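As structure tokens, the structure follows; a few thoughts come after it.
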Amino acid sequence: MKKTVLSCIQPTGDMHFGNYFGAVKNWVDLQPKYKCFYGVVDYHAMTMPYKPKKLKESVWSLVINLLAVGVEPENLFIQSLVPEHTELGWIFNCFASYGQVSRMTQFKDKSSQSEEKAGGYISAGLFTYPVLQAADILIYKADYVPVGKDQDQHLELTRNIAQRFNNMVGKDYFVPPETLHTETPNVRSTADPARKMSKSAGEKHYINVFADEARMRKQIKSAVTDTGDTKEGEMSPGIENLFNLLKATGGHEAHASLMDDYKAGTLRYVDLKTAVADALVEISNPFRERKAELMSKRKEVKNRIKVSSAEIRKRAQQTVKEVKELAGLANVRF
Ligand code: TYM
């Protein structure tokens with residue numbers, strides 16, 4: 001039996017190189033070896049202020065982006081087409097510790113943004129979001145979860161929920177899943193290396209995987225290198241981030257030779273930036289081409305993903321049926 005991999009991404013706009021090098025590239029690489037489930041999690045995207053029409057568009061545009069970078073259609077589902085996630089999410093709300101959920105740093109970060117955007121309203125969904133995430137993972141009994149470093153705390157909560165459920169039912173029903181990181185699990189913003197690359201901080205803080213070449217080059221050219229507060233002998237976070245991006249693209253030779261220059265004190269930042277920009281453009285060229293092709297058959301793509309979601313749903317239904325049985329709930333659906 002192949003081991004199972006599960007991971008998800010929120011449909012909240014462009015896919016950036018943090019998403020790609022931190023997680024999605026790994027999703028693609030793991031497909032030949034494992035049984036993989038990859039979700040576009042629209043229920044999660046409702047936890048912050050949003051517009052319904054925009055959400056719908058973002059879901060399909062993310063589906064196309066994921067297919068364009070190499071996710072196989074049969075592995076891809078849309079969360080709201082598998083509503084059992086929310087059912088298991090409720091059940092898990094009763095197995096998650098309030099204290100632990102209160103300590104989630106992502107809630108703290110996002111609730112301050114939500115407060116600004118929505119005029120003082122922070123949704124309860126944002127608070128219980130990591131519990132739904134635990135349901136996303138455990139509903140497929142995932143062995144491995146490929147994610148960026150920012151998800152570690154959520155994975156820890158997932159393992160605790162699995163353990164608590166197992167203790168209650170007196171059986172090792174869920175296997176606590178393992179986190180998988182890439183070599184670059186924490187890509188930083190090129191405009192401000194003190195923060196992670198992310199959409200929520202604004203357009204200059206992320207590089208869209210599908211941006212045109214000119215924009216990509218411009219963003220790398222203006223990347224912050226020295227921040228002034230680096231200690232003697234330490235690499236500045238901006239330079240380290242550029243080296244990490246280069247490594248992530250697979251440009252090992254260029255990486256090694258520029259690193260030699262850095263160690264010798266002869267590195268010209270412009271050379272490092274050019275190497276990174278060249279590598280990003282080269283990686284993304286075929287993605288842009290495939291995206292254009294997929295955009296021309298949107299209808300077909302939609303139908304395909306509806307079918308794969310329905311297929312994947314069967315596995316989720318089976319888990320929920322077993323969980324309800326174990327948890328002492330009525331089970332009339334099967
Ligand atoms: P999301 O949509 O913010 O990001 C999707 C994936 O990209 C990774 N990532 C990064 N990795 C490295 N450096 C960065 N700067 C960077 N920014 C984003 C994220 O770690 C993630 O792996 N809560 C999740 C979505 C989710 C999920 C799940 C993930 C819902 N249910 C179940 C795994 C399993 C999130 O908001 O990811």
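Every chain in the structure tokens takes a letter, A first, then B, and so on in the order presented; its residues are numbered from 1, and the ligands are numbered from 1 following the presented order.
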
Shell of 12 Å around Ile312 in chain A, only C-alpha atoms, local chain residues under 2 positions omitted, as a ChimeraX atom specification: /A:6,35-39,73-79,81-85,139-140,305-310,314-319

So that I can see what lies close to Pro286 in chain A, please list as a PDB file with N, CA, C and O atoms, in the first residue's frame the residues with an atom at most 12 Å from it, counting only C-alpha atoms and leaving out residues fewer than 4 positions away in the same chain.
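Contents of the output file out-v6.pdb:
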```pdb
ATOM      1  N   ASN A  65      -3.562  27.273 -11.947  1.00  0.00           N
ATOM      2  CA  ASN A  65      -2.162  27.477 -11.585  1.00  0.00           C
ATOM      3  C   ASN A  65      -1.508  26.182 -11.092  1.00  0.00           C
ATOM      4  O   ASN A  65      -0.368  25.873 -11.442  1.00  0.00           O
ATOM      5  N   LEU A  67      -2.426  23.092 -11.742  1.00  0.00           N
ATOM      6  CA  LEU A  67      -2.267  22.151 -12.858  1.00  0.00           C
ATOM      7  C   LEU A  67      -1.093  22.586 -13.737  1.00  0.00           C
ATOM      8  O   LEU A  67      -0.314  21.758 -14.208  1.00  0.00           O
ATOM      9  N   ALA A  68      -0.950  23.901 -13.909  1.00  0.00           N
ATOM     10  CA  ALA A  68       0.119  24.419 -14.781  1.00  0.00           C
ATOM     11  C   ALA A  68       1.512  24.106 -14.238  1.00  0.00           C
ATOM     12  O   ALA A  68       2.446  23.924 -15.014  1.00  0.00           O
ATOM     13  N   VAL A  69       1.654  24.032 -12.919  1.00  0.00           N
ATOM     14  CA  VAL A  69       2.988  23.727 -12.376  1.00  0.00           C
ATOM     15  C   VAL A  69       3.217  22.227 -12.210  1.00  0.00           C
ATOM     16  O   VAL A  69       4.279  21.802 -11.779  1.00  0.00           O
ATOM     17  N   GLY A  70       2.209  21.420 -12.531  1.00  0.00           N
ATOM     18  CA  GLY A  70       2.447  19.977 -12.567  1.00  0.00           C
ATOM     19  C   GLY A  70       1.655  19.122 -11.602  1.00  0.00           C
ATOM     20  O   GLY A  70       1.910  17.915 -11.506  1.00  0.00           O
ATOM     21  N   VAL A 209       4.416  33.520  -9.259  1.00  0.00           N
ATOM     22  CA  VAL A 209       5.045  32.510 -10.111  1.00  0.00           C
ATOM     23  C   VAL A 209       4.720  32.761 -11.590  1.00  0.00           C
ATOM     24  O   VAL A 209       5.502  32.411 -12.467  1.00  0.00           O
ATOM     25  N   PHE A 210       3.550  33.387 -11.838  1.00  0.00           N
ATOM     26  CA  PHE A 210       3.115  33.608 -13.224  1.00  0.00           C
ATOM     27  C   PHE A 210       3.305  35.061 -13.680  1.00  0.00           C
ATOM     28  O   PHE A 210       2.782  35.451 -14.720  1.00  0.00           O
ATOM     29  N   LEU A 280      14.646  32.105 -12.021  1.00  0.00           N
ATOM     30  CA  LEU A 280      13.191  32.162 -11.801  1.00  0.00           C
ATOM     31  C   LEU A 280      12.441  32.250 -13.130  1.00  0.00           C
ATOM     32  O   LEU A 280      11.414  31.596 -13.328  1.00  0.00           O
ATOM     33  N   VAL A 281      12.979  33.044 -14.029  1.00  0.00           N
ATOM     34  CA  VAL A 281      12.335  33.198 -15.344  1.00  0.00           C
ATOM     35  C   VAL A 281      12.355  31.858 -16.077  1.00  0.00           C
ATOM     36  O   VAL A 281      11.337  31.428 -16.648  1.00  0.00           O
ATOM     37  N   GLU A 282      13.491  31.180 -16.013  1.00  0.00           N
ATOM     38  CA  GLU A 282      13.601  29.903 -16.732  1.00  0.00           C
ATOM     39  C   GLU A 282      12.617  28.861 -16.188  1.00  0.00           C
ATOM     40  O   GLU A 282      11.948  28.165 -16.941  1.00  0.00           O
ATOM     41  N   ARG A 290       1.884  26.573 -20.080  1.00  0.00           N
ATOM     42  CA  ARG A 290       0.838  25.588 -19.754  1.00  0.00           C
ATOM     43  C   ARG A 290      -0.407  26.283 -19.223  1.00  0.00           C
ATOM     44  O   ARG A 290      -1.528  25.870 -19.473  1.00  0.00           O
ATOM     45  N   LYS A 291      -0.189  27.379 -18.510  1.00  0.00           N
ATOM     46  CA  LYS A 291      -1.342  28.104 -17.978  1.00  0.00           C
ATOM     47  C   LYS A 291      -2.202  28.653 -19.127  1.00  0.00           C
ATOM     48  O   LYS A 291      -3.433  28.528 -19.110  1.00  0.00           O
ATOM     49  N   ALA A 292      -1.543  29.213 -20.126  1.00  0.00           N
ATOM     50  CA  ALA A 292      -2.282  29.777 -21.265  1.00  0.00           C
ATOM     51  C   ALA A 292      -3.104  28.682 -21.945  1.00  0.00           C
ATOM     52  O   ALA A 292      -4.267  28.886 -22.305  1.00  0.00           O
ATOM     53  N   GLU A 293      -2.490  27.512 -22.059  1.00  0.00           N
ATOM     54  CA  GLU A 293      -3.180  26.383 -22.696  1.00  0.00           C
ATOM     55  C   GLU A 293      -4.417  25.975 -21.869  1.00  0.00           C
ATOM     56  O   GLU A 293      -5.508  25.784 -22.398  1.00  0.00           O
TER      57      GLU A 293
END
```

Residue contacts of range 170-178 of chain A (12 Å, only C-alpha atoms) excluding same-chain residues fewer than 5 positions away, as a count of residues only: 39

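You can rank A:Ala330, A:Val59, A:Cys94, A:Leu272 by their closest distance to ligand 1 using only C-alpha atoms and all ligand atoms, and at the top of that list sits A:Val59.
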
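When atom 27 (C, counted along the ligand's line) of ligand 1 is paired with CA of Ala211 in chain A, their separation reads 24.1 Å.
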
Among listed residues A:Asn303, A:Gln113, A:Gln31, A:Ser189, nearest ligand 1 (using only C-alpha atoms and all ligand atoms): A:Ser189

Given 7 Å and only C-alpha atoms and all ligand atoms, residues near ligand 1 as JSON, numbers by chain: {"A": [6, 7, 8, 9, 10, 11, 18, 19, 20, 21, 22, 23, 24, 41, 44, 132, 133, 134, 136, 137, 145, 146, 147, 148, 149, 150, 151, 184, 185, 186, 187, 188, 196, 197, 198]}

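When only C-alpha atoms are used to compute distances to Ser200 in chain A, the closest of the residues A:Asn93, A:Gln153, A:Thr225, A:Ser111 turns out to be A:Ser111.
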
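Those residues that approach range 212-216 of chain A to within 10 Å, counting only C-alpha atoms, are A:Ile207, A:Asn208, A:Val209, A:Gln219, A:Ile220, A:Lys221, A:Val276, A:Ala277, A:Asp278, A:Leu280, A:Val281, A:Glu282, A:Ser284, A:Asn285, A:Arg288; same-chain residues fewer than 3 positions away are not listed.
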
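Considering only C-alpha atoms, the residue among A:Ala275, A:Ser222, A:Ile64, A:Arg195 positioned nearest to Glu289 in chain A is A:Ile64.
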